Amino acid sequence: MDKSIEIRWHGRGGQGAKTAALLLADVAFNTGMYVQGFPEYGPERMGAPITAYNRIGDKPIRVHSNIYNPDYVVVVDETLLHSVDVTKGLSKDGAIVINTTQDKKEIIPLLKGYEGRVYTIDAHKVSMETLGKYFPNSPMLAAIVKVADIMDKDVFLSEMEASYKHKFAKKPEVIEGNMNALKMAFEEVK
Amino acid sequence: MSIRERMSGNEAVSYAIKQINPDVMAAFPITPSTEIPQMVSTFIANGEMDTEFIPVESEHSSMSAALGASAAGARALTATSSCGLAYMWEILYVAASDRLPIVLALVNRALTGPININCDHSDSMGARDSGWIQIYAENNQEAYDNFIQSFRIAEHPDVSLPFMACQDGFITSHAVENIELLETEVVKNFVGEYNPENYLLNSQMPMAVGPYANSPFYMETKYNQRMAMKNAKKVILDVAKEFEAISGRSYGFFEEYKTSDADVAIVIIGSAAGTSKEAVDKLRENGIKAGVLKIRVFRPFPGKEIAEALKNVKYAAILDRAESFSAYGGPLGSEIKSALYDAKSNCTAINYFYGIGGRDYTVEAAEGVFEELIDIMNGNKEIEQFKYIGLRQ
Amino acid sequence: MAQASDLSKINEKSPYYDITPGNQIYGGGGAREFHTGEWRVKTPVIDWNKCTQCLLCTPVCPDSCIAVKDGKRQDFDLDHCKGCGICEKACSFGAITMKEGI
């Protein structure tokens, strides 16, 4: 990657959009990049719409403002499409990735005429099939890594495996499921 | 060998505390500084450090406990934000007049009224006259580096003053960014042991701390505090030089970013400095000579040095992240203008307010300030003092 | 370690540089040098004939001016007695009287 990119995450409190942004910062950091991962803080509680951000690049990052013209947007919860202007300021050279069970054709009309690329993934299906529980984090992380071409798939997977081995040192049985979620998400995001 | 890591500002300060392993930490949680005592107490529970942690019922008590510990001879610290600092107010002054080198990790947050959890500098700026050294960080790296230097400066016999190590709430405290950490042995060697000459637990030489000092003594006491604060200037630079030798990162009273040939400059404290530098680079691409003077040390106030750094700048925008409700200037604006006046400077200073209560300050906002300065310089605009940047109108 | 403070040299004429950082005072018992007895208007006088050495007066003195030696109270330490009269009230035998002009 030779350019810095800016990503905005939309989720609901408790769904892990902030954690996903921090995980993305982690994995990009591990491959030698400069990263920033931060949530926008307010009085949000479980279920309230929340926003988190990433800046990723090959140079030190000095800007400390929120992101208004992201290159990419990740929507962790499709119900937000009705209440939040998720494509606001989004670069038309970039893309949006939406977690949804619906077909892309049904989603596009909700994007207020966004002209850039639109990707969807059923993170619920991926998560249930690989983990048996609904954790949209891992699938959405893999989806944005692929869509934004942040790093090579194999590098990403090996970094994530190392990170899971560290994170889940006391419950190694969940590592395989999470790895499968990442791999499946890479295929499923379209 | 430095260690490449990624951490939030709160993690970075907590990690520095772990490496220093001070004697006593007393704290009461308040957003956005809560993570610091939380992480430190976790380190202690895991046996990674052996600081005595005192959970207290209020910030008045955390500062009091830190004060007692420091007087007893311990290296003591606390952490807080916003109303927590306000609740310490009484004891802040006592710590300073008792000349106790307590370190406070301050995570800047707006003071309540209306209640708000986001960043501004109203908490620490309100405490600017309490006799504490105040050093501000732009990012997680500086928060870490400043903290490691803090005890060395505070405990120096020529200084012996409490130290507020400030960083911007949420903007740096909760943002994960790259950071270069020092090895723990290097930090320990740099910070050293705290061996005060006199302390309450010394049975060989009992002592009295904080005796009553009415009018025949009070002014002399204050003058001594003033002298100590003045001495801190040299110590801050000396410690920075030593820190550079172990880290490769250099620090002074402020950072001069492209100011030497600048016609227009923004003078600013904290995380917004980086955002302003980005605007400088954009403007320089278009041939505009812009610069940023980032104030790191606010107490002691390096007035002469700031005036010197701005001597070739024609128009400087001084950005305050705190109101003072003088219906005139903010704390930084007023003090810098006074320094420019004393230096008979030709630099015209224009005081703005920004980022109050966490209002976002963007590259575009910084560019807007520079454009206004250019318009004023070219005679296309009248000077307007005390504007609120980003105010809806 | 600092020397015990010479309190005779820290007074209302001392320049700022002779005053310790934080006004700290080194060495114990510094209050002994401070003769609060000069503030006294009324002075306690003991009638040894009435005193039963019950020692009720000793602990109530706020300035520790009634020393006890070998189980018996001594005369008042008038260098430090401020003349508050608490000892007079505490004495059950009328042995202590506060007197003016002594």
# chains A, B, ... in the order shown; residues from 1 in each chain; ligands from 1

call {"tool": "residues_around", "arguments": {"residues": "stretch 48-53 of chain C", "least_positions_apart": "2", "cutoff": "8 Å", "atoms": "only C-alpha atoms", "output": "list in words"}}
result
Ile46, Leu55, Lys72, Arg73, Phe93, Gly94 and Ala95 of chain C

call {"tool": "residues_around", "arguments": {"residues": "B:Ala86", "least_positions_apart": "6", "cutoff": "12 Å", "atoms": "only C-alpha atoms", "output": "list in words"}}
result
Ile30, Ser58, Glu59, His60, Met63, Thr80, Leu92, Tyr93, Leu106, Asn108, Arg109, Ala110, Leu111, Thr112, Ser122, Asp123, Ser124, Met125, Gly126, Ala127, Arg128 and Ser130 of chain B

call {"tool": "write_last_selection", "arguments": {"atoms": "C-alpha atoms", "output": "short mmCIF file (atom, residue, chain, number, x, y, z; two decimals), in the first residue's frame"}}
result
data_model
loop_
_atom_site.label_atom_id
_atom_site.label_comp_id
_atom_site.auth_asym_id
_atom_site.auth_seq_id
_atom_site.Cartn_x
_atom_site.Cartn_y
_atom_site.Cartn_z
CA ILE B 30 -13.27 9.52 36.07
CA SER B 58 -13.00 11.03 45.85
CA GLU B 59 -10.39 13.08 44.05
CA HIS B 60 -9.99 15.35 47.07
CA MET B 63 -4.70 14.10 45.94
CA THR B 80 -7.71 12.35 36.84
CA LEU B 92 -3.33 21.09 44.40
CA TYR B 93 -2.23 24.33 46.03
CA LEU B 106 -4.16 14.47 33.56
CA ASN B 108 -7.88 16.76 29.62
CA ARG B 109 -11.67 16.98 29.56
CA ALA B 110 -14.11 19.87 29.61
CA LEU B 111 -15.29 20.98 33.02
CA THR B 112 -18.95 20.35 33.66
CA SER B 122 -10.62 24.05 30.82
CA ASP B 123 -9.62 21.65 33.61
CA SER B 124 -5.84 22.16 33.48
CA MET B 125 -6.05 25.81 32.41
CA GLY B 126 -8.19 26.45 35.46
CA ALA B 127 -5.39 24.95 37.57
CA ARG B 128 -2.66 26.93 35.82
CA SER B 130 -1.94 26.40 41.38
#

call {"tool": "residues_around", "arguments": {"residues": "C:Tyr17", "least_positions_apart": "4", "cutoff": "10 Å", "atoms": "only C-alpha atoms", "output": "count of residues only"}}
result
6

call {"tool": "residues_around", "arguments": {"residues": "C:Gly85", "least_positions_apart": "6", "cutoff": "8 Å", "atoms": "only C-alpha atoms", "output": "PyMOL selection string"}}
result
chain C and resi 42+44+98

call {"tool": "closest_atom_pairs", "arguments": {"of": "chain B", "to": "chain C", "cutoff": "12 Å", "atoms": "only C-alpha atoms", "output": "tab-separated table"}}
result
residue	atom	partner	partner_atom	distance
B:Ala71	CA	C:Gln24	CA	10.4
B:Tyr93	CA	C:Gly22	CA	11.4
B:Val94	CA	C:Gly22	CA	9.3
B:Ala95	CA	C:Gly22	CA	9.1
B:Ala96	CA	C:Gly22	CA	8.1
B:Ser97	CA	C:Gly22	CA	5.4
B:Asp98	CA	C:Gly22	CA	4.1
B:Arg99	CA	C:Gly22	CA	5.2
B:Leu100	CA	C:Gly22	CA	8.2
B:Pro101	CA	C:Gly22	CA	11.4
B:Pro157	CA	C:Pro21	CA	9.7
B:Asp158	CA	C:Pro21	CA	9.8
B:Val159	CA	C:Pro21	CA	9.5
B:Ser160	CA	C:Pro21	CA	8.2
B:Leu161	CA	C:Gly22	CA	9.8
B:Asn195	CA	C:Met1	CA	10.5
B:Pro196	CA	C:Met1	CA	8.7
B:Glu197	CA	C:Met1	CA	5.1
B:Asn198	CA	C:Met1	CA	6.1
B:Tyr199	CA	C:Met1	CA	9.4
B:Leu200	CA	C:Tyr26	CA	9.7
B:Asn202	CA	C:Met1	CA	9.6
B:Ser203	CA	C:Gly27	CA	9.8
B:Gln204	CA	C:Gly27	CA	8.6
B:Met205	CA	C:Gly27	CA	5.3
B:Pro206	CA	C:Gly27	CA	4.9
B:Met207	CA	C:Tyr26	CA	4.4
B:Ala208	CA	C:Ile25	CA	5.0
B:Val209	CA	C:Gln24	CA	5.1
B:Gly210	CA	C:Gly22	CA	6.4
B:Pro211	CA	C:Asn23	CA	6.7
B:Tyr212	CA	C:Asn23	CA	8.8
B:Ala213	CA	C:Asn23	CA	8.1
B:Asn214	CA	C:Glu12	CA	10.2
B:Ser215	CA	C:Glu12	CA	9.3
B:Pro216	CA	C:Glu12	CA	5.6
B:Phe217	CA	C:Glu12	CA	7.0
B:Tyr218	CA	C:Asn23	CA	9.6
B:Met219	CA	C:Tyr16	CA	8.4
B:Glu220	CA	C:Tyr16	CA	4.7
B:Thr221	CA	C:Gly22	CA	6.9
B:Lys222	CA	C:Tyr16	CA	9.1
B:Tyr223	CA	C:Tyr16	CA	7.1
B:Asn224	CA	C:Tyr16	CA	6.6
B:Gln225	CA	C:Pro21	CA	7.9
B:Arg226	CA	C:Tyr16	CA	11.1
B:Met227	CA	C:Tyr17	CA	9.8
B:Ala228	CA	C:Pro21	CA	9.0

call {"tool": "write_last_selection", "arguments": {"atoms": "N, CA and C atoms", "output": "compact mmCIF listing (two decimals), in the first residue's frame"}}
result
# COMPACT_ATOMS: atom_id res chain seq x y z
N ALA B 71 4.89 13.31 51.17
CA ALA B 71 5.52 13.91 52.36
C ALA B 71 6.24 12.84 53.17
N TYR B 93 -3.02 23.20 45.52
CA TYR B 93 -2.23 24.33 46.03
C TYR B 93 -1.37 23.91 47.21
N VAL B 94 -1.90 23.00 48.03
CA VAL B 94 -1.13 22.53 49.20
C VAL B 94 0.09 21.74 48.72
N ALA B 95 -0.12 20.87 47.73
CA ALA B 95 1.00 20.07 47.20
C ALA B 95 2.10 20.98 46.68
N ALA B 96 1.70 22.06 46.00
CA ALA B 96 2.69 22.96 45.42
C ALA B 96 3.41 23.76 46.51
N SER B 97 2.66 24.27 47.48
CA SER B 97 3.33 25.10 48.49
C SER B 97 4.15 24.22 49.44
N ASP B 98 3.74 22.97 49.62
CA ASP B 98 4.55 22.04 50.42
C ASP B 98 5.74 21.50 49.63
N ARG B 99 5.79 21.83 48.35
CA ARG B 99 6.90 21.49 47.47
C ARG B 99 7.08 19.97 47.35
N LEU B 100 5.95 19.28 47.13
CA LEU B 100 5.98 17.82 47.02
C LEU B 100 5.90 17.39 45.56
N PRO B 101 6.89 16.61 45.10
CA PRO B 101 6.98 16.29 43.66
C PRO B 101 6.03 15.17 43.22
N PRO B 157 16.21 18.71 43.08
CA PRO B 157 16.26 19.55 44.29
C PRO B 157 16.06 21.04 44.00
N ASP B 158 16.43 21.50 42.81
CA ASP B 158 16.22 22.92 42.49
C ASP B 158 14.76 23.23 42.17
N VAL B 159 13.96 22.18 42.01
CA VAL B 159 12.57 22.37 41.60
C VAL B 159 11.63 21.96 42.73
N SER B 160 11.56 20.65 42.98
CA SER B 160 10.71 20.13 44.04
C SER B 160 9.29 20.70 43.96
N LEU B 161 8.65 20.44 42.83
CA LEU B 161 7.29 20.92 42.60
C LEU B 161 6.46 19.80 41.99
N ASN B 195 15.17 9.44 46.42
CA ASN B 195 15.72 9.49 47.77
C ASN B 195 15.69 10.93 48.28
N PRO B 196 14.53 11.38 48.77
CA PRO B 196 14.45 12.76 49.24
C PRO B 196 15.35 12.96 50.45
N GLU B 197 15.90 14.16 50.55
CA GLU B 197 16.80 14.44 51.66
C GLU B 197 16.05 14.38 52.99
N ASN B 198 14.85 14.87 52.99
CA ASN B 198 14.03 14.87 54.21
C ASN B 198 12.67 14.30 53.91
N TYR B 199 12.14 13.54 54.85
CA TYR B 199 10.82 12.94 54.65
C TYR B 199 10.25 12.58 56.01
N LEU B 200 8.92 12.53 56.07
CA LEU B 200 8.26 12.35 57.37
C LEU B 200 8.61 11.04 58.07
N ASN B 202 11.35 9.59 58.26
CA ASN B 202 12.75 9.51 58.69
C ASN B 202 12.84 9.72 60.19
N SER B 203 13.05 8.63 60.94
CA SER B 203 13.05 8.73 62.40
C SER B 203 14.30 9.45 62.92
N GLN B 204 15.33 9.53 62.06
CA GLN B 204 16.54 10.21 62.48
C GLN B 204 16.36 11.73 62.54
N MET B 205 15.45 12.22 61.74
CA MET B 205 15.26 13.67 61.69
C MET B 205 13.78 13.97 61.50
N PRO B 206 13.05 14.06 62.63
CA PRO B 206 11.62 14.38 62.51
C PRO B 206 11.44 15.73 61.81
N MET B 207 10.33 15.91 61.17
CA MET B 207 10.11 17.20 60.49
C MET B 207 8.65 17.59 60.49
N ALA B 208 8.43 18.87 60.28
CA ALA B 208 7.07 19.38 60.15
C ALA B 208 6.86 19.78 58.69
N VAL B 209 5.71 19.37 58.13
CA VAL B 209 5.37 19.70 56.74
C VAL B 209 4.15 20.61 56.75
N GLY B 210 4.20 21.66 55.98
CA GLY B 210 3.04 22.52 55.79
C GLY B 210 2.62 23.31 57.00
N PRO B 211 3.57 23.94 57.72
CA PRO B 211 3.15 24.73 58.87
C PRO B 211 2.40 26.00 58.45
N TYR B 212 1.64 26.52 59.39
CA TYR B 212 0.91 27.77 59.20
C TYR B 212 1.89 28.87 58.82
N ALA B 213 1.54 29.65 57.82
CA ALA B 213 2.42 30.75 57.43
C ALA B 213 1.55 31.96 57.14
N ASN B 214 1.43 32.83 58.13
CA ASN B 214 0.58 34.01 57.91
C ASN B 214 1.37 35.11 57.22
N SER B 215 0.89 36.32 57.26
CA SER B 215 1.44 37.35 56.37
C SER B 215 2.96 37.55 56.47
N PRO B 216 3.59 37.42 57.64
CA PRO B 216 5.05 37.61 57.63
C PRO B 216 5.82 36.54 56.84
N PHE B 217 5.16 35.42 56.52
CA PHE B 217 5.87 34.34 55.83
C PHE B 217 5.30 33.99 54.46
N TYR B 218 4.01 34.29 54.24
CA TYR B 218 3.32 33.80 53.04
C TYR B 218 3.97 34.30 51.75
N MET B 219 4.30 35.56 51.70
CA MET B 219 4.87 36.08 50.45
C MET B 219 6.24 35.46 50.16
N GLU B 220 7.04 35.29 51.20
CA GLU B 220 8.35 34.65 51.01
C GLU B 220 8.16 33.21 50.50
N THR B 221 7.14 32.53 51.05
CA THR B 221 6.86 31.16 50.61
C THR B 221 6.50 31.16 49.12
N LYS B 222 5.65 32.10 48.71
CA LYS B 222 5.22 32.17 47.31
C LYS B 222 6.40 32.52 46.40
N TYR B 223 7.25 33.42 46.90
CA TYR B 223 8.40 33.80 46.08
C TYR B 223 9.32 32.59 45.88
N ASN B 224 9.47 31.80 46.93
CA ASN B 224 10.28 30.58 46.80
C ASN B 224 9.67 29.63 45.77
N GLN B 225 8.34 29.53 45.75
CA GLN B 225 7.69 28.70 44.73
C GLN B 225 7.98 29.26 43.34
N ARG B 226 7.94 30.58 43.24
CA ARG B 226 8.22 31.23 41.96
C ARG B 226 9.64 30.91 41.49
N MET B 227 10.60 30.98 42.43
CA MET B 227 12.00 30.68 42.09
C MET B 227 12.12 29.23 41.63
N ALA B 228 11.42 28.32 42.32
CA ALA B 228 11.49 26.91 41.95
C ALA B 228 10.93 26.70 40.55

call {"tool": "residues_around", "arguments": {"residues": "C:His80", "least_positions_apart": "5", "cutoff": "6 Å", "atoms": "only C-alpha atoms", "output": "PyMOL selection string"}}
result
chain C and resi 35-37

call {"tool": "select_by_dssp", "arguments": {"residues": "stretch 21-210 of chain B", "states": "alpha helix (DSSP H)", "output": "ChimeraX atom specification"}}
result
/B:35-45,59-72,82-97,122-126,140-155,184-191

call {"tool": "atom_distance", "arguments": {"atom1": "atom CA of B:Gly333", "atom2": "atom CA of B:Gly84"}}
result
25.6 Å

call {"tool": "residues_around", "arguments": {"residues": "C:Val68", "least_positions_apart": "4", "cutoff": "12 Å", "atoms": "only C-alpha atoms", "output": "VMD selection string"}}
result
chain C and resid 53 to 59 64 72 to 77

call {"tool": "closest_residue", "arguments": {"among": "B:Asn378, B:Ala16, B:Ala76, B:Asn178", "to": "A:Pro60", "atoms": "only C-alpha atoms"}}
result
B:Asn178

call {"tool": "interface_residues", "arguments": {"of": "chain A", "to": "chain B", "cutoff": "12 Å", "atoms": "only C-alpha atoms", "output": "PyMOL selection string"}}
result
chain A and resi 18-19+21-44+52-69

call {"tool": "write_last_selection", "arguments": {"atoms": "C-alpha atoms", "output": "PDB file, in the first residue's frame"}}
result
ATOM      1  CA  LYS A  18     -14.860  -0.095  17.894  1.00  0.00           C
ATOM      2  CA  THR A  19     -13.137  -3.404  18.585  1.00  0.00           C
ATOM      3  CA  ALA A  21     -11.450  -0.766  14.168  1.00  0.00           C
ATOM      4  CA  LEU A  22      -8.834  -1.488  16.840  1.00  0.00           C
ATOM      5  CA  LEU A  23      -8.273  -5.006  15.437  1.00  0.00           C
ATOM      6  CA  LEU A  24      -7.754  -3.550  11.980  1.00  0.00           C
ATOM      7  CA  ALA A  25      -5.252  -1.089  13.446  1.00  0.00           C
ATOM      8  CA  ASP A  26      -3.515  -4.036  15.114  1.00  0.00           C
ATOM      9  CA  VAL A  27      -3.210  -6.176  12.044  1.00  0.00           C
ATOM     10  CA  ALA A  28      -2.059  -3.254   9.869  1.00  0.00           C
ATOM     11  CA  PHE A  29       0.455  -2.320  12.566  1.00  0.00           C
ATOM     12  CA  ASN A  30       1.762  -5.878  12.591  1.00  0.00           C
ATOM     13  CA  THR A  31       2.553  -5.635   8.893  1.00  0.00           C
ATOM     14  CA  GLY A  32       4.676  -2.526   9.436  1.00  0.00           C
ATOM     15  CA  MET A  33       2.194   0.250   8.752  1.00  0.00           C
ATOM     16  CA  TYR A  34       1.391   3.417  10.644  1.00  0.00           C
ATOM     17  CA  VAL A  35      -2.073   3.200  12.133  1.00  0.00           C
ATOM     18  CA  GLN A  36      -4.696   5.102  14.010  1.00  0.00           C
ATOM     19  CA  GLY A  37      -7.822   3.500  15.440  1.00  0.00           C
ATOM     20  CA  PHE A  38     -10.281   5.483  17.515  1.00  0.00           C
ATOM     21  CA  PRO A  39     -13.944   5.662  18.361  1.00  0.00           C
ATOM     22  CA  GLU A  40     -16.039   8.806  18.442  1.00  0.00           C
ATOM     23  CA  TYR A  41     -17.101   9.080  22.055  1.00  0.00           C
ATOM     24  CA  GLY A  42     -20.398  10.223  23.383  1.00  0.00           C
ATOM     25  CA  PRO A  43     -22.948   8.978  25.873  1.00  0.00           C
ATOM     26  CA  GLU A  44     -23.707   5.904  23.727  1.00  0.00           C
ATOM     27  CA  ALA A  52     -15.207   4.438  14.807  1.00  0.00           C
ATOM     28  CA  TYR A  53     -12.336   5.366  12.545  1.00  0.00           C
ATOM     29  CA  ASN A  54      -9.084   4.105  11.077  1.00  0.00           C
ATOM     30  CA  ARG A  55      -6.247   5.862   9.370  1.00  0.00           C
ATOM     31  CA  ILE A  56      -3.688   3.499   7.862  1.00  0.00           C
ATOM     32  CA  GLY A  57      -0.632   4.465   5.882  1.00  0.00           C
ATOM     33  CA  ASP A  58       3.082   4.215   5.332  1.00  0.00           C
ATOM     34  CA  LYS A  59       3.898   7.551   6.998  1.00  0.00           C
ATOM     35  CA  PRO A  60       3.431   8.729  10.598  1.00  0.00           C
ATOM     36  CA  ILE A  61      -0.109  10.055  11.118  1.00  0.00           C
ATOM     37  CA  ARG A  62      -0.418  13.547  12.578  1.00  0.00           C
ATOM     38  CA  VAL A  63      -4.050  14.432  12.031  1.00  0.00           C
ATOM     39  CA  HIS A  64      -6.237  14.063  15.113  1.00  0.00           C
ATOM     40  CA  SER A  65      -9.694  14.856  13.836  1.00  0.00           C
ATOM     41  CA  ASN A  66     -12.624  12.665  12.957  1.00  0.00           C
ATOM     42  CA  ILE A  67     -12.878  11.453   9.359  1.00  0.00           C
ATOM     43  CA  TYR A  68     -15.348  13.284   7.119  1.00  0.00           C
ATOM     44  CA  ASN A  69     -14.244  12.093   3.684  1.00  0.00           C
TER      45      ASN A  69
END

call {"tool": "atom_distance", "arguments": {"atom1": "atom CA of B:Ile269", "atom2": "atom CA of B:Tyr15"}}
result
23.6 Å

call {"tool": "select_by_dssp", "arguments": {"residues": "stretch 176-267 of chain B", "states": "strand (DSSP E or B)", "output": "ChimeraX atom specification"}}
result
/B:176-181,207-208,254-257,264-267

call {"tool": "closest_residue", "arguments": {"among": "B:Pro37, B:Ser2, B:Arg321, B:Ala240", "to": "B:Ala105", "atoms": "only C-alpha atoms"}}
result
B:Pro37

call {"tool": "residues_around", "arguments": {"residues": "C:Asp63", "least_positions_apart": "2", "cutoff": "8 Å", "atoms": "only C-alpha atoms", "output": "PyMOL selection string"}}
result
chain C and resi 61+65+80-82

call {"tool": "write_last_selection", "arguments": {"atoms": "N, CA and C atoms", "output": "mmCIF file, in the first residue's frame"}}
result
data_model
loop_
_atom_site.group_PDB
_atom_site.id
_atom_site.type_symbol
_atom_site.label_atom_id
_atom_site.label_comp_id
_atom_site.auth_asym_id
_atom_site.auth_seq_id
_atom_site.Cartn_x
_atom_site.Cartn_y
_atom_site.Cartn_z
ATOM 1 N N CYS C 61 -4.904 19.671 79.590
ATOM 2 C CA CYS C 61 -4.170 20.867 79.163
ATOM 3 C C CYS C 61 -3.850 20.786 77.670
ATOM 4 N N CYS C 65 1.196 21.664 79.413
ATOM 5 C CA CYS C 65 1.949 22.509 80.336
ATOM 6 C C CYS C 65 1.968 21.962 81.761
ATOM 7 N N HIS C 80 4.690 28.167 78.083
ATOM 8 C CA HIS C 80 3.782 27.728 77.026
ATOM 9 C C HIS C 80 2.313 27.817 77.408
ATOM 10 N N CYS C 81 1.998 27.949 78.699
ATOM 11 C CA CYS C 81 0.593 28.045 79.137
ATOM 12 C C CYS C 81 -0.028 29.321 78.582
ATOM 13 N N LYS C 82 -1.184 29.156 77.853
ATOM 14 C CA LYS C 82 -1.845 30.318 77.258
ATOM 15 C C LYS C 82 -2.917 30.880 78.176
#

call {"tool": "atom_distance", "arguments": {"atom1": "atom CA of A:Asp152", "atom2": "atom CA of A:Val189"}}
result
15.6 Å

call {"tool": "closest_residue", "arguments": {"among": "B:Arg284, B:Lys344, B:Arg299, B:Lys18", "to": "B:Thr259", "atoms": "only C-alpha atoms"}}
result
B:Arg284
